[in-house]
Amino acid sequence: MRITRRGFIRGAGGAAAALVATGLYTRFVEPAWLRVSRATLPIASTTQRVRVLHLSDLHVTNEASLRLVEHAIEIGLRFKPDFAVVTGDFITAGEAVEPRLGPVLQVLTAAVPVFASWGNHDGGLWAGRHGGFADLTTVRRLVEQGGVRVLENDGVVHHVGVQRVQITGLGDIWAERCDPRAVPSREPGVLSVLLSHNPDSKAVVTDRDWDVMLSGHTHGGQLIVPLLRVRPFVPVADRRFVDGVYRWNGRYLAITRGVGTIYGVRFNCRPELSVLDLVPPTAAA
Ligand SMILES: [Fe+2]
């Protein structure tokens, strides 16, 4: 088939317009287009349903990202969770901390107890080497001002009705602060939930006693090539576990894509908040 000059110009123009439209969508539409991801996890140590709102990777840097977090909180609370968790990366880098993050988090903590673990961006060894805070002082002040209980290699026993829930937060593995000794052995009937920013830390706690690890960090890859489902950018060693709920060694890994982004782009990988129901196996049957 002979391609005319006019046909060539028309085709090239169409391709350029499609490229620009995709770029605008990737930058301005999808990063703010939250979705809700829901899952039910049957767990033997539960005697009643425990609903968890799982937020992660807020990456608050400016007004727009703060509004997205506010929106995620508003949507999440509609599901009436028993408690909420935030698995790290409240901010992106040290120079751009948004002081209104604390008051926004207060909206969530006024409604439900909120527990958190730190991410690699919040401060510490990795952040200090990548333009962020060398320690957690600044972000801790903001987050605790918001009423969030941050658990770094520490845990609490939280009661949801008659259900006892052991919630343990691990330090970040890239900050070299993930200590498996923080995961306690437990009595029968205690549901054990780990908060760990980076799902790779599962390998560090493989010999410990827990039911489900809640993680973020991957952002789901942020960019997923359509049809091929290829994710070129996934910052984990074990790329089998990127987003969603997985069975792993008789336990669960629940990895959320997170609310925020870095570099401000997403394609075919919408930001999300996750609502997880941890239920007795009989309730799920
Ligand atoms: Fe992140």
# chains A, B, ... in the order shown; residues from 1 in each chain; ligands from 1

$ residues_around --residues "Gly146 of chain A" --least-positions-apart "4" --cutoff "7 Å" --atoms "only C-alpha atoms" --output "JSON, numbers by chain"
{"A": [102, 103, 105, 106, 142]}

$ closest_atom_pairs --of "chain A" --to "ligand 1" --cutoff "6 Å" --atoms "only C-alpha atoms and all ligand atoms" --output "CSV"
residue,atom,partner,partner_atom_place_in_ligand_line,distance
A:Asp57,CA,ligand 1,1 (Fe),4.4
A:Asp89,CA,ligand 1,1 (Fe),5.1
A:His217,CA,ligand 1,1 (Fe),4.4

$ write_last_selection --atoms "all heavy atoms" --output "compact mmCIF listing (two decimals), in the first residue's frame"
# COMPACT_ATOMS: atom_id res chain seq x y z
N ASP A 57 2.16 4.93 51.82
CA ASP A 57 2.85 5.76 50.82
C ASP A 57 2.07 7.04 50.49
O ASP A 57 1.71 7.28 49.34
CB ASP A 57 3.11 4.91 49.57
CG ASP A 57 4.03 3.74 49.88
OD1 ASP A 57 3.51 2.71 50.38
OD2 ASP A 57 5.24 3.87 49.71
N ASP A 89 6.20 5.88 54.49
CA ASP A 89 6.37 6.91 53.45
C ASP A 89 5.27 7.97 53.56
O ASP A 89 4.48 8.20 52.62
CB ASP A 89 6.42 6.30 52.04
CG ASP A 89 7.81 5.77 51.70
OD1 ASP A 89 8.70 5.79 52.57
OD2 ASP A 89 8.00 5.32 50.55
N HIS A 217 5.14 0.41 49.75
CA HIS A 217 6.46 0.58 49.17
C HIS A 217 6.53 0.40 47.65
O HIS A 217 7.20 1.16 46.96
CB HIS A 217 7.47 -0.35 49.85
CG HIS A 217 8.87 -0.22 49.33
ND1 HIS A 217 9.60 0.93 49.48
CD2 HIS A 217 9.67 -1.09 48.65
CE1 HIS A 217 10.80 0.76 48.92
NE2 HIS A 217 10.87 -0.45 48.42

$ select_by_dssp --residues "segment 26-239 of chain A" --states "strand (DSSP E)" --output "VMD selection string"
chain A and resid 35 to 42 50 to 55 83 to 87 114 to 117 149 to 150 154 to 160 163 to 169 190 to 195 212 to 215

$ residues_around --residues "Gly128 of chain A" --least-positions-apart "5" --cutoff "12 Å" --atoms "only C-alpha atoms" --output "PyMOL selection string"
chain A and resi 92-95+120-123+133-136+174-175

$ write_last_selection --atoms "C-alpha atoms" --output "short mmCIF file (atom, residue, chain, number, x, y, z; two decimals), in the first residue's frame"
data_model
loop_
_atom_site.label_atom_id
_atom_site.label_comp_id
_atom_site.auth_asym_id
_atom_site.auth_seq_id
_atom_site.Cartn_x
_atom_site.Cartn_y
_atom_site.Cartn_z
CA THR A 92 8.89 11.99 49.96
CA ALA A 93 11.93 14.08 50.82
CA GLY A 94 13.19 16.29 53.58
CA GLU A 95 12.93 19.69 51.97
CA ASN A 120 12.38 4.47 53.71
CA HIS A 121 11.45 8.07 52.76
CA ASP A 122 10.46 9.16 56.28
CA GLY A 123 14.00 9.43 57.61
CA PHE A 133 16.11 13.35 56.72
CA ALA A 134 18.93 11.42 58.36
CA ASP A 135 16.64 10.66 61.30
CA LEU A 136 12.94 10.41 62.01
CA TRP A 174 16.27 -0.14 53.67
CA ALA A 175 17.00 1.97 56.74
#

$ residues_around --residues "Thr256 of chain A" --least-positions-apart "3" --cutoff "10 Å" --atoms "only C-alpha atoms" --output "JSON, numbers by chain"
{"A": [37, 54, 55, 56, 57, 87, 214, 215, 216, 217, 218, 219, 220, 242, 243, 244, 245, 253, 259, 271, 272, 273, 274, 275]}

$ closest_residue --among "A:Phe79, A:Arg100, A:Ala111, A:Tyr25" --to "Arg38 of chain A" --atoms "only C-alpha atoms"
A:Phe79

$ atom_distance --atom1 "atom CA of Gly221 of chain A" --atom2 "atom CA of Pro42 of chain A"
27.2 Å
